[in-house]
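Shown next: upload_21.cif, containing mmCIF, C-alpha atoms and all ligand atoms.
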data_run
#
loop_
_atom_site.label_atom_id
_atom_site.label_comp_id
_atom_site.auth_asym_id
_atom_site.auth_seq_id
_atom_site.Cartn_x
_atom_site.Cartn_y
_atom_site.Cartn_z
CA MET A 1 0.00 0.00 0.00
CA LYS A 2 1.56 3.28 -1.11
CA THR A 3 1.39 6.09 1.43
CA LEU A 4 2.79 9.57 1.06
CA GLU A 5 5.72 9.82 3.48
CA ALA A 6 8.10 12.38 1.99
CA VAL A 7 8.33 15.35 -0.33
CA ILE A 8 11.68 15.93 -2.05
CA PHE A 9 12.31 19.36 -3.51
CA ASP A 10 14.56 20.68 -6.19
CA LEU A 11 16.20 23.96 -5.10
CA ASP A 12 16.80 26.35 -8.00
CA GLY A 13 13.45 27.57 -9.32
CA VAL A 14 11.38 25.75 -6.69
CA ILE A 15 12.52 26.93 -3.26
CA THR A 16 13.93 30.21 -4.58
CA ASP A 17 14.28 31.93 -7.92
CA THR A 18 17.98 31.18 -8.41
CA ALA A 19 17.05 29.54 -11.74
CA GLU A 20 16.93 33.11 -13.04
CA TYR A 21 20.43 33.81 -11.69
CA HIS A 22 21.79 30.66 -13.34
CA PHE A 23 20.24 31.90 -16.61
CA LEU A 24 21.75 35.38 -16.24
CA ALA A 25 25.19 34.00 -15.34
CA TRP A 26 25.21 31.61 -18.33
CA GLN A 27 24.03 34.43 -20.58
CA MET A 28 26.97 36.59 -19.45
CA LEU A 29 29.36 33.77 -20.34
CA GLY A 30 27.49 33.17 -23.62
CA LYS A 31 28.00 36.83 -24.50
CA ASP A 32 31.78 36.56 -23.94
CA LEU A 33 31.83 33.48 -26.18
CA HIS A 34 29.57 35.08 -28.82
CA ILE A 35 26.98 32.35 -28.28
CA PRO A 36 23.69 34.11 -27.62
CA PHE A 37 20.74 32.05 -26.37
CA ASP A 38 17.17 32.66 -25.28
CA ARG A 39 14.86 31.43 -22.52
CA GLU A 40 13.61 28.56 -24.66
CA PHE A 41 17.13 27.14 -24.96
CA ASN A 42 17.63 27.85 -21.26
CA GLU A 43 14.85 25.33 -20.47
CA THR A 44 17.24 22.61 -21.68
CA LEU A 45 19.88 23.79 -19.18
CA LYS A 46 17.61 23.78 -16.12
CA GLY A 47 18.42 21.02 -13.66
CA VAL A 48 21.54 20.08 -15.64
CA SER A 49 25.02 20.12 -14.04
CA ARG A 50 27.47 22.98 -14.54
CA THR A 51 29.81 21.02 -16.85
CA GLU A 52 26.98 19.55 -18.93
CA SER A 53 25.35 22.99 -19.26
CA LEU A 54 28.61 24.40 -20.60
CA GLU A 55 28.86 21.55 -23.12
CA ARG A 56 25.32 22.27 -24.33
CA ILE A 57 26.07 25.98 -24.75
CA LEU A 58 29.31 25.28 -26.64
CA ALA A 59 27.48 22.76 -28.86
CA LEU A 60 24.82 25.40 -29.59
CA GLY A 61 27.57 27.70 -30.91
CA ASN A 62 29.29 24.78 -32.63
CA ARG A 63 32.36 25.45 -30.48
CA GLN A 64 32.52 22.20 -28.51
CA ASN A 65 35.96 21.35 -29.93
CA ASP A 66 37.47 24.81 -29.53
CA PHE A 67 38.61 24.43 -25.91
CA THR A 68 40.86 22.13 -23.89
CA LYS A 69 39.60 20.48 -20.70
CA ASP A 70 41.42 23.11 -18.60
CA GLU A 71 39.93 25.94 -20.64
CA LYS A 72 36.46 24.48 -20.19
CA GLU A 73 37.03 24.32 -16.45
CA GLU A 74 38.06 27.96 -16.54
CA LEU A 75 34.86 28.87 -18.45
CA ALA A 76 32.71 26.95 -15.95
CA LYS A 77 34.49 28.76 -13.11
CA LYS A 78 33.83 32.11 -14.78
CA LYS A 79 30.10 31.31 -14.95
CA ASN A 80 30.13 30.26 -11.31
CA ASP A 81 31.89 33.49 -10.30
CA HIS A 82 29.08 35.46 -11.99
CA TYR A 83 26.50 33.26 -10.24
CA VAL A 84 28.08 33.52 -6.79
CA GLU A 85 28.11 37.29 -7.17
CA LEU A 86 24.39 37.26 -8.05
CA ILE A 87 23.40 35.11 -5.05
CA ALA A 88 25.61 36.94 -2.55
CA HIS A 89 22.75 39.08 -1.32
CA ILE A 90 19.85 36.64 -1.15
CA THR A 91 17.99 36.37 2.16
CA ASN A 92 14.89 34.57 3.46
CA GLU A 93 12.86 37.20 1.58
CA ASP A 94 13.93 35.44 -1.62
CA LEU A 95 12.00 32.26 -0.81
CA LEU A 96 9.38 31.74 -3.53
CA PRO A 97 5.76 32.50 -2.51
CA GLY A 98 4.18 30.01 -0.12
CA ILE A 99 7.30 27.84 0.24
CA LYS A 100 7.92 28.55 3.93
CA ARG A 101 4.23 27.89 4.70
CA PHE A 102 4.23 24.67 2.66
CA LEU A 103 7.42 23.32 4.27
CA THR A 104 6.04 24.11 7.73
CA GLU A 105 2.73 22.44 6.84
CA LEU A 106 4.52 19.26 5.66
CA LYS A 107 6.61 19.19 8.80
CA GLY A 108 3.52 19.66 10.97
CA ALA A 109 1.87 16.69 9.24
CA GLY A 110 4.89 14.49 10.04
CA LEU A 111 6.08 14.14 6.45
CA LYS A 112 9.80 13.97 5.74
CA ILE A 113 11.34 16.77 3.69
CA GLY A 114 14.31 16.30 1.38
CA LEU A 115 16.30 18.43 -1.04
CA ALA A 116 17.70 16.99 -4.29
CA SER A 117 19.78 19.64 -6.01
CA ALA A 118 22.07 19.52 -9.04
CA SER A 119 23.91 22.56 -7.67
CA LYS A 120 27.24 22.61 -5.89
CA ASN A 121 26.05 25.86 -4.30
CA ALA A 122 23.01 24.22 -2.64
CA PHE A 123 24.32 24.42 0.94
CA GLN A 124 25.29 28.06 0.54
CA VAL A 125 21.90 28.99 -0.96
CA THR A 126 19.79 27.14 1.64
CA ASP A 127 21.93 28.66 4.38
CA ARG A 128 21.37 32.19 3.06
CA LEU A 129 17.62 31.47 2.80
CA GLY A 130 17.57 30.26 6.42
CA VAL A 131 15.67 27.05 5.54
CA GLN A 132 18.32 24.38 6.22
CA PRO A 133 16.73 23.31 9.55
CA LEU A 134 13.43 22.55 7.76
CA PHE A 135 15.05 19.84 5.61
CA ASP A 136 15.55 16.37 7.07
CA HIS A 137 18.20 15.70 4.45
CA ILE A 138 19.97 17.66 1.70
CA VAL A 139 21.71 16.04 -1.29
CA ASP A 140 23.75 18.38 -3.48
CA ALA A 141 25.74 17.83 -6.67
CA ALA A 142 29.00 17.21 -4.80
CA THR A 143 28.02 13.66 -3.82
CA VAL A 144 26.17 12.59 -6.96
CA ALA A 145 27.84 10.84 -9.92
CA HIS A 146 25.01 11.15 -12.47
CA SER A 147 23.28 14.43 -13.15
CA LYS A 148 19.49 14.80 -13.73
CA PRO A 149 17.65 13.36 -15.73
CA ASP A 150 19.31 10.41 -13.97
CA PRO A 151 17.26 9.60 -10.85
CA GLU A 152 20.33 9.25 -8.60
CA VAL A 153 19.96 12.50 -6.64
CA PHE A 154 16.27 11.80 -5.83
CA LEU A 155 16.95 8.15 -4.94
CA LYS A 156 19.82 9.20 -2.69
CA ALA A 157 17.59 11.69 -0.88
CA ALA A 158 14.82 9.09 -0.40
CA LYS A 159 17.31 6.56 0.95
CA ALA A 160 18.71 9.08 3.42
CA LEU A 161 15.16 9.87 4.56
CA GLY A 162 14.48 6.14 5.00
CA VAL A 163 11.46 6.28 2.67
CA PRO A 164 10.80 3.99 -0.34
CA PRO A 165 10.79 6.03 -3.60
CA GLU A 166 7.18 5.09 -4.38
CA ASN A 167 6.10 6.88 -1.17
CA CYS A 168 7.75 10.15 -2.28
CA ILE A 169 6.64 13.16 -4.23
CA GLY A 170 9.30 15.15 -6.10
CA VAL A 171 8.84 18.85 -6.91
CA GLU A 172 10.73 20.29 -9.89
CA ASP A 173 10.83 23.24 -12.31
CA ALA A 174 13.01 21.53 -14.95
CA GLN A 175 12.27 19.03 -17.70
CA ALA A 176 15.39 17.06 -16.69
CA GLY A 177 14.18 17.05 -13.08
CA ILE A 178 10.71 15.72 -13.95
CA GLU A 179 12.38 12.90 -15.94
CA ALA A 180 14.59 12.15 -12.92
CA ILE A 181 11.57 11.95 -10.58
CA ASN A 182 9.65 9.73 -13.00
CA SER A 183 12.66 7.42 -13.43
CA ALA A 184 12.93 7.22 -9.63
CA HIS A 185 9.28 5.98 -9.60
CA MET A 186 8.16 8.92 -7.50
CA VAL A 187 5.20 11.19 -8.24
CA ALA A 188 6.33 14.33 -10.08
CA ILE A 189 4.86 17.77 -9.44
CA GLY A 190 6.03 20.53 -11.78
CA VAL A 191 6.33 24.22 -11.02
CA GLY A 192 6.07 26.30 -14.18
CA ASP A 193 4.63 25.87 -17.62
CA GLN A 194 2.32 22.88 -18.29
CA ASP A 195 3.60 22.56 -21.90
CA VAL A 196 7.25 22.49 -20.83
CA LEU A 197 6.67 20.12 -17.89
CA ARG A 198 4.14 17.88 -19.63
CA ASN A 199 5.54 14.66 -18.16
CA ALA A 200 4.71 15.70 -14.60
CA ALA A 201 1.69 14.16 -12.83
CA TYR A 202 0.50 17.71 -12.09
CA VAL A 203 1.83 21.22 -12.75
CA VAL A 204 1.28 24.37 -10.67
CA SER A 205 2.05 27.73 -12.21
CA SER A 206 3.20 29.16 -8.88
CA THR A 207 4.64 27.72 -5.66
CA GLU A 208 1.86 29.66 -3.92
CA GLN A 209 -0.53 26.90 -5.06
CA LEU A 210 1.37 24.12 -3.24
CA ASN A 211 -0.34 22.83 -0.13
CA LEU A 212 -0.71 19.55 1.76
CA ASP A 213 -4.26 18.76 0.58
CA LEU A 214 -3.30 19.28 -3.06
CA VAL A 215 -0.20 17.08 -2.95
CA LYS A 216 -2.07 14.33 -1.08
CA THR A 217 -4.80 14.39 -3.73
CA ILE A 218 -2.25 14.24 -6.57
CA PHE A 219 -0.42 11.38 -4.84
CA ASP A 220 -3.61 9.37 -4.29
CA LYS A 221 -4.78 9.84 -7.91
CA GLN A 222 -1.37 8.82 -9.22
CA LYS A 223 -1.32 5.78 -6.95
CA VAL A 224 -4.41 4.44 -8.70
CA LYS A 225 -2.78 4.95 -12.12
CA LEU A 226 0.53 3.26 -11.31
C1 LIG B 301 20.68 23.22 -11.05
C2 LIG B 301 20.26 24.35 -11.95
O1 LIG B 301 19.92 23.23 -9.89
O2 LIG B 301 22.07 23.33 -10.71
C3 LIG B 301 21.18 24.46 -13.16
O3 LIG B 301 18.93 24.12 -12.38
C4 LIG B 301 22.62 24.55 -12.71
O4 LIG B 301 20.81 25.59 -13.91
C5 LIG B 301 22.95 23.35 -11.83
O5 LIG B 301 23.51 24.59 -13.82
C6 LIG B 301 24.39 23.36 -11.32
O6 LIG B 301 24.56 24.41 -10.42
P1 LIG B 301 25.97 24.88 -9.85
O7 LIG B 301 25.59 25.88 -8.77
O8 LIG B 301 26.66 23.67 -9.29
O9 LIG B 301 26.71 25.49 -10.98
MG MG B 302 15.42 23.72 -10.73
#
Using structure tokens, write down the structure from this file.
Ligand code: BG6
Ligand code: MG
Amino acid sequence: MKTLEAVIFDLDGVITDTAEYHFLAWQMLGKDLHIPFDREFNETLKGVSRTESLERILALGNRQNDFTKDEKEELAKKKNDHYVELIAHITNEDLLPGIKRFLTELKGAGLKIGLASASKNAFQVTDRLGVQPLFDHIVDAATVAHSKPDPEVFLKAAKALGVPPENCIGVEDAQAGIEAINSAHMVAIGVGDQDVLRNAAYVVSSTEQLNLDLVKTIFDKQKVKL
């Protein structure tokens, strides 16, 4: 019998709007490299690791063979320097709407809360937001071998929470993240555009809409389908 026991969140674009800062930082690097890209292309970078994102941008400009490994590392570092500068001033006021209320509600109901982030900056960001104590376990990119859409980061979080994957909901704003949740055999809730996140079990347009009753209903409906 499947029972909802845990909710595992992505960080960037779900807990806080750092997805926008990743976009701006990559765009700055793209400008230096003369590889312009728009928000539509950026959707394919969301949830994807730093090195893989760089490869995708270089491939877009047909420049994937123009740099040595060391030069690519330098480019990735440059992007991260831009990003770290952009997130330096975030505070708990940068939590997305309703997130603090939703996390508190889940905690109050005795559900476990996990974080499954592809970012190596996840600890710094959650610390600045003041939400680390609300998470029972945080998995960041530093300890994960395979980047989303691989399910590893979600499975690792579920294991650390002591909850079977089929009793978890995953919340994501990225196509790659929804694929990761589905491959982990969890129920996927998307935050964003229904057309972009069409493989999710349910999509909310704003984090404000997330609440315990809604996620329980989605979980129970999905349970019947699986
Ligand atoms: C993900 C973001 O959470 O983390 C991606 O959606 C980002 O856009 C990735 O590239 C890696 O982040 P970082 O902070 O390790 O460069
Ligand atoms: Mg995200």
Mind checking which residues fall within 10 Å of Ile181 in chain A, counting all atoms listed in the file, ignoring those fewer than 6 positions away in the same chain, and posting them as JSON, numbers by chain?
-> {"A": [8, 148, 149, 150, 151, 152, 153, 154, 155, 165, 168, 169, 170, 171, 172, 187, 188, 189, 200]}
Env. residues ligand LIG 301 (chain B) / 8 Å / all atoms listed in the file / as a PyMOL selection string = chain A and resi 10-13+19+22-23+45-53+76+79-80+83+117-122+141+174
Looking at only C-alpha atoms, which of A:Trp26, A:Ile218, A:Glu105, A:Met1 is the one that sits closest to Asp38 in chain A?
->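 Of A:Trp26, A:Ile218, A:Glu105, A:Met1, the one nearest Asp38 in chain A, counting only C-alpha atoms, is A:Trp26.
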In Å and to one decimal, CA of Gly190 in chain A is distant from CA of Ser206 in chain A by 9.5 Å
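Compared by their closest atoms to ligand MG 302 (chain B), and using all atoms listed in the file, the residues A:Asn92, A:Thr18, A:Gln194, A:Asn182 rank with A:Thr18 nearest.
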Which of A:Ile178, A:Val163, A:Leu60, A:Val215 sits closest to Arg198 in chain A [using all atoms listed in the file] |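 Residue with the minimum atom-to-atom distance to Arg198 in chain A: A:Ile178.
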Mind giving me the straight-line distance from CA of Asp136 in chain A to CA of Phe9 in chain A in Å, one decimal?
-> 11.5 Å
From the list A:Asn65, A:Leu212, A:Leu4, A:Ala157, the nearest residue to Thr143 in chain A using only C-alpha atoms is A:Ala157
Which residue of A:Asp17, A:Asp32, A:Glu5, A:Asp70 approaches Gly114 in chain A most closely, using all atoms listed in the file =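 Among the listed residues, A:Glu5 lies closest to Gly114 in chain A.
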Pairwise distance for CA of Leu95 in chain A and CA of Thr126 in chain A, rounded to one decimal in Å |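 Distance reported for this atom pair: 9.6 Å.
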A:Ala109, A:Leu86, A:Thr104, A:Ser147: which is nearest Pro133 in chain A, counting all atoms listed in the file?
-> A:Thr104
Given the block above, output range 68-102 of chain A with N, CA, C and O atoms as a PDB file, in the first residue's frame.
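Result file is result-v8.pdb:
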ATOM      1  N   THR A  68      40.290  23.282 -24.603  1.00  0.00           N
ATOM      2  CA  THR A  68      40.856  22.134 -23.890  1.00  0.00           C
ATOM      3  C   THR A  68      40.034  21.913 -22.620  1.00  0.00           C
ATOM      4  O   THR A  68      39.212  22.762 -22.237  1.00  0.00           O
ATOM      5  N   LYS A  69      40.309  20.792 -21.948  1.00  0.00           N
ATOM      6  CA  LYS A  69      39.604  20.475 -20.705  1.00  0.00           C
ATOM      7  C   LYS A  69      39.830  21.599 -19.667  1.00  0.00           C
ATOM      8  O   LYS A  69      38.894  22.041 -19.005  1.00  0.00           O
ATOM      9  N   ASP A  70      41.086  22.040 -19.566  1.00  0.00           N
ATOM     10  CA  ASP A  70      41.416  23.109 -18.600  1.00  0.00           C
ATOM     11  C   ASP A  70      40.694  24.406 -18.944  1.00  0.00           C
ATOM     12  O   ASP A  70      40.214  25.112 -18.061  1.00  0.00           O
ATOM     13  N   GLU A  71      40.627  24.715 -20.230  1.00  0.00           N
ATOM     14  CA  GLU A  71      39.933  25.941 -20.641  1.00  0.00           C
ATOM     15  C   GLU A  71      38.440  25.850 -20.328  1.00  0.00           C
ATOM     16  O   GLU A  71      37.826  26.833 -19.902  1.00  0.00           O
ATOM     17  N   LYS A  72      37.888  24.659 -20.513  1.00  0.00           N
ATOM     18  CA  LYS A  72      36.457  24.478 -20.194  1.00  0.00           C
ATOM     19  C   LYS A  72      36.232  24.653 -18.692  1.00  0.00           C
ATOM     20  O   LYS A  72      35.241  25.251 -18.264  1.00  0.00           O
ATOM     21  N   GLU A  73      37.155  24.144 -17.908  1.00  0.00           N
ATOM     22  CA  GLU A  73      37.032  24.318 -16.450  1.00  0.00           C
ATOM     23  C   GLU A  73      37.077  25.793 -16.079  1.00  0.00           C
ATOM     24  O   GLU A  73      36.360  26.260 -15.208  1.00  0.00           O
ATOM     25  N   GLU A  74      37.937  26.515 -16.777  1.00  0.00           N
ATOM     26  CA  GLU A  74      38.064  27.956 -16.538  1.00  0.00           C
ATOM     27  C   GLU A  74      36.754  28.679 -16.906  1.00  0.00           C
ATOM     28  O   GLU A  74      36.289  29.568 -16.185  1.00  0.00           O
ATOM     29  N   LEU A  75      36.134  28.251 -18.021  1.00  0.00           N
ATOM     30  CA  LEU A  75      34.861  28.865 -18.446  1.00  0.00           C
ATOM     31  C   LEU A  75      33.761  28.576 -17.424  1.00  0.00           C
ATOM     32  O   LEU A  75      32.980  29.468 -17.065  1.00  0.00           O
ATOM     33  N   ALA A  76      33.725  27.320 -16.941  1.00  0.00           N
ATOM     34  CA  ALA A  76      32.706  26.951 -15.947  1.00  0.00           C
ATOM     35  C   ALA A  76      32.919  27.753 -14.656  1.00  0.00           C
ATOM     36  O   ALA A  76      31.965  28.183 -14.011  1.00  0.00           O
ATOM     37  N   LYS A  77      34.180  27.987 -14.314  1.00  0.00           N
ATOM     38  CA  LYS A  77      34.492  28.761 -13.108  1.00  0.00           C
ATOM     39  C   LYS A  77      34.026  30.220 -13.288  1.00  0.00           C
ATOM     40  O   LYS A  77      33.481  30.834 -12.377  1.00  0.00           O
ATOM     41  N   LYS A  78      34.231  30.734 -14.492  1.00  0.00           N
ATOM     42  CA  LYS A  78      33.826  32.108 -14.782  1.00  0.00           C
ATOM     43  C   LYS A  78      32.304  32.264 -14.591  1.00  0.00           C
ATOM     44  O   LYS A  78      31.830  33.228 -14.001  1.00  0.00           O
ATOM     45  N   LYS A  79      31.562  31.276 -15.127  1.00  0.00           N
ATOM     46  CA  LYS A  79      30.096  31.310 -14.946  1.00  0.00           C
ATOM     47  C   LYS A  79      29.766  31.268 -13.466  1.00  0.00           C
ATOM     48  O   LYS A  79      28.917  32.015 -12.971  1.00  0.00           O
ATOM     49  N   ASN A  80      30.453  30.385 -12.740  1.00  0.00           N
ATOM     50  CA  ASN A  80      30.131  30.260 -11.313  1.00  0.00           C
ATOM     51  C   ASN A  80      30.470  31.542 -10.555  1.00  0.00           C
ATOM     52  O   ASN A  80      29.756  31.919  -9.617  1.00  0.00           O
ATOM     53  N   ASP A  81      31.548  32.210 -10.944  1.00  0.00           N
ATOM     54  CA  ASP A  81      31.895  33.489 -10.298  1.00  0.00           C
ATOM     55  C   ASP A  81      30.756  34.508 -10.504  1.00  0.00           C
ATOM     56  O   ASP A  81      30.372  35.207  -9.575  1.00  0.00           O
ATOM     57  N   HIS A  82      30.219  34.565 -11.733  1.00  0.00           N
ATOM     58  CA  HIS A  82      29.076  35.461 -11.994  1.00  0.00           C
ATOM     59  C   HIS A  82      27.914  35.075 -11.079  1.00  0.00           C
ATOM     60  O   HIS A  82      27.271  35.911 -10.462  1.00  0.00           O
ATOM     61  N   TYR A  83      27.654  33.761 -11.015  1.00  0.00           N
ATOM     62  CA  TYR A  83      26.501  33.260 -10.243  1.00  0.00           C
ATOM     63  C   TYR A  83      26.656  33.577  -8.754  1.00  0.00           C
ATOM     64  O   TYR A  83      25.725  34.078  -8.116  1.00  0.00           O
ATOM     65  N   VAL A  84      27.840  33.302  -8.228  1.00  0.00           N
ATOM     66  CA  VAL A  84      28.081  33.520  -6.793  1.00  0.00           C
ATOM     67  C   VAL A  84      27.910  35.008  -6.451  1.00  0.00           C
ATOM     68  O   VAL A  84      27.377  35.354  -5.393  1.00  0.00           O
ATOM     69  N   GLU A  85      28.301  35.852  -7.380  1.00  0.00           N
ATOM     70  CA  GLU A  85      28.108  37.293  -7.171  1.00  0.00           C
ATOM     71  C   GLU A  85      26.607  37.628  -7.118  1.00  0.00           C
ATOM     72  O   GLU A  85      26.159  38.399  -6.281  1.00  0.00           O
ATOM     73  N   LEU A  86      25.829  36.971  -7.995  1.00  0.00           N
ATOM     74  CA  LEU A  86      24.386  37.260  -8.051  1.00  0.00           C
ATOM     75  C   LEU A  86      23.643  36.759  -6.800  1.00  0.00           C
ATOM     76  O   LEU A  86      22.645  37.348  -6.397  1.00  0.00           O
ATOM     77  N   ILE A  87      24.130  35.658  -6.210  1.00  0.00           N
ATOM     78  CA  ILE A  87      23.400  35.106  -5.047  1.00  0.00           C
ATOM     79  C   ILE A  87      23.927  35.637  -3.703  1.00  0.00           C
ATOM     80  O   ILE A  87      23.398  35.288  -2.651  1.00  0.00           O
ATOM     81  N   ALA A  88      24.961  36.485  -3.796  1.00  0.00           N
ATOM     82  CA  ALA A  88      25.613  36.939  -2.551  1.00  0.00           C
ATOM     83  C   ALA A  88      24.641  37.650  -1.607  1.00  0.00           C
ATOM     84  O   ALA A  88      24.850  37.647  -0.398  1.00  0.00           O
ATOM     85  N   HIS A  89      23.617  38.253  -2.164  1.00  0.00           N
ATOM     86  CA  HIS A  89      22.751  39.077  -1.315  1.00  0.00           C
ATOM     87  C   HIS A  89      21.379  38.468  -1.041  1.00  0.00           C
ATOM     88  O   HIS A  89      20.491  39.150  -0.537  1.00  0.00           O
ATOM     89  N   ILE A  90      21.185  37.191  -1.397  1.00  0.00           N
ATOM     90  CA  ILE A  90      19.847  36.639  -1.150  1.00  0.00           C
ATOM     91  C   ILE A  90      19.615  36.419   0.354  1.00  0.00           C
ATOM     92  O   ILE A  90      20.553  36.140   1.104  1.00  0.00           O
ATOM     93  N   THR A  91      18.368  36.544   0.748  1.00  0.00           N
ATOM     94  CA  THR A  91      17.993  36.369   2.162  1.00  0.00           C
ATOM     95  C   THR A  91      16.710  35.528   2.200  1.00  0.00           C
ATOM     96  O   THR A  91      16.218  35.098   1.145  1.00  0.00           O
ATOM     97  N   ASN A  92      16.133  35.348   3.376  1.00  0.00           N
ATOM     98  CA  ASN A  92      14.885  34.568   3.458  1.00  0.00           C
ATOM     99  C   ASN A  92      13.729  35.246   2.720  1.00  0.00           C
ATOM    100  O   ASN A  92      12.717  34.623   2.444  1.00  0.00           O
ATOM    101  N   GLU A  93      13.908  36.517   2.368  1.00  0.00           N
ATOM    102  CA  GLU A  93      12.863  37.202   1.579  1.00  0.00           C
ATOM    103  C   GLU A  93      12.838  36.700   0.135  1.00  0.00           C
ATOM    104  O   GLU A  93      11.918  37.010  -0.619  1.00  0.00           O
ATOM    105  N   ASP A  94      13.870  35.957  -0.253  1.00  0.00           N
ATOM    106  CA  ASP A  94      13.928  35.436  -1.618  1.00  0.00           C
ATOM    107  C   ASP A  94      13.327  34.041  -1.756  1.00  0.00           C
ATOM    108  O   ASP A  94      13.414  33.436  -2.822  1.00  0.00           O
ATOM    109  N   LEU A  95      12.736  33.528  -0.680  1.00  0.00           N
ATOM    110  CA  LEU A  95      11.999  32.264  -0.815  1.00  0.00           C
ATOM    111  C   LEU A  95      10.826  32.518  -1.751  1.00  0.00           C
ATOM    112  O   LEU A  95      10.206  33.584  -1.694  1.00  0.00           O
ATOM    113  N   LEU A  96      10.513  31.547  -2.610  1.00  0.00           N
ATOM    114  CA  LEU A  96       9.378  31.741  -3.525  1.00  0.00           C
ATOM    115  C   LEU A  96       8.068  31.745  -2.721  1.00  0.00           C
ATOM    116  O   LEU A  96       8.002  31.190  -1.613  1.00  0.00           O
ATOM    117  N   PRO A  97       7.005  32.348  -3.259  1.00  0.00           N
ATOM    118  CA  PRO A  97       5.759  32.496  -2.514  1.00  0.00           C
ATOM    119  C   PRO A  97       5.202  31.179  -1.966  1.00  0.00           C
ATOM    120  O   PRO A  97       5.134  30.186  -2.701  1.00  0.00           O
ATOM    121  N   GLY A  98       4.842  31.177  -0.721  1.00  0.00           N
ATOM    122  CA  GLY A  98       4.178  30.010  -0.120  1.00  0.00           C
ATOM    123  C   GLY A  98       5.112  28.890   0.305  1.00  0.00           C
ATOM    124  O   GLY A  98       4.663  27.924   0.937  1.00  0.00           O
ATOM    125  N   ILE A  99       6.387  28.965  -0.031  1.00  0.00           N
ATOM    126  CA  ILE A  99       7.302  27.840   0.242  1.00  0.00           C
ATOM    127  C   ILE A  99       7.493  27.617   1.744  1.00  0.00           C
ATOM    128  O   ILE A  99       7.392  26.480   2.227  1.00  0.00           O
ATOM    129  N   LYS A 100       7.709  28.687   2.484  1.00  0.00           N
ATOM    130  CA  LYS A 100       7.924  28.545   3.929  1.00  0.00           C
ATOM    131  C   LYS A 100       6.670  27.918   4.576  1.00  0.00           C
ATOM    132  O   LYS A 100       6.762  27.010   5.381  1.00  0.00           O
ATOM    133  N   ARG A 101       5.502  28.418   4.165  1.00  0.00           N
ATOM    134  CA  ARG A 101       4.234  27.895   4.697  1.00  0.00           C
ATOM    135  C   ARG A 101       4.080  26.414   4.360  1.00  0.00           C
ATOM    136  O   ARG A 101       3.740  25.599   5.209  1.00  0.00           O
ATOM    137  N   PHE A 102       4.398  26.052   3.109  1.00  0.00           N
ATOM    138  CA  PHE A 102       4.234  24.665   2.656  1.00  0.00           C
ATOM    139  C   PHE A 102       5.190  23.730   3.411  1.00  0.00           C
ATOM    140  O   PHE A 102       4.787  22.664   3.879  1.00  0.00           O
TER     141      PHE A 102
END
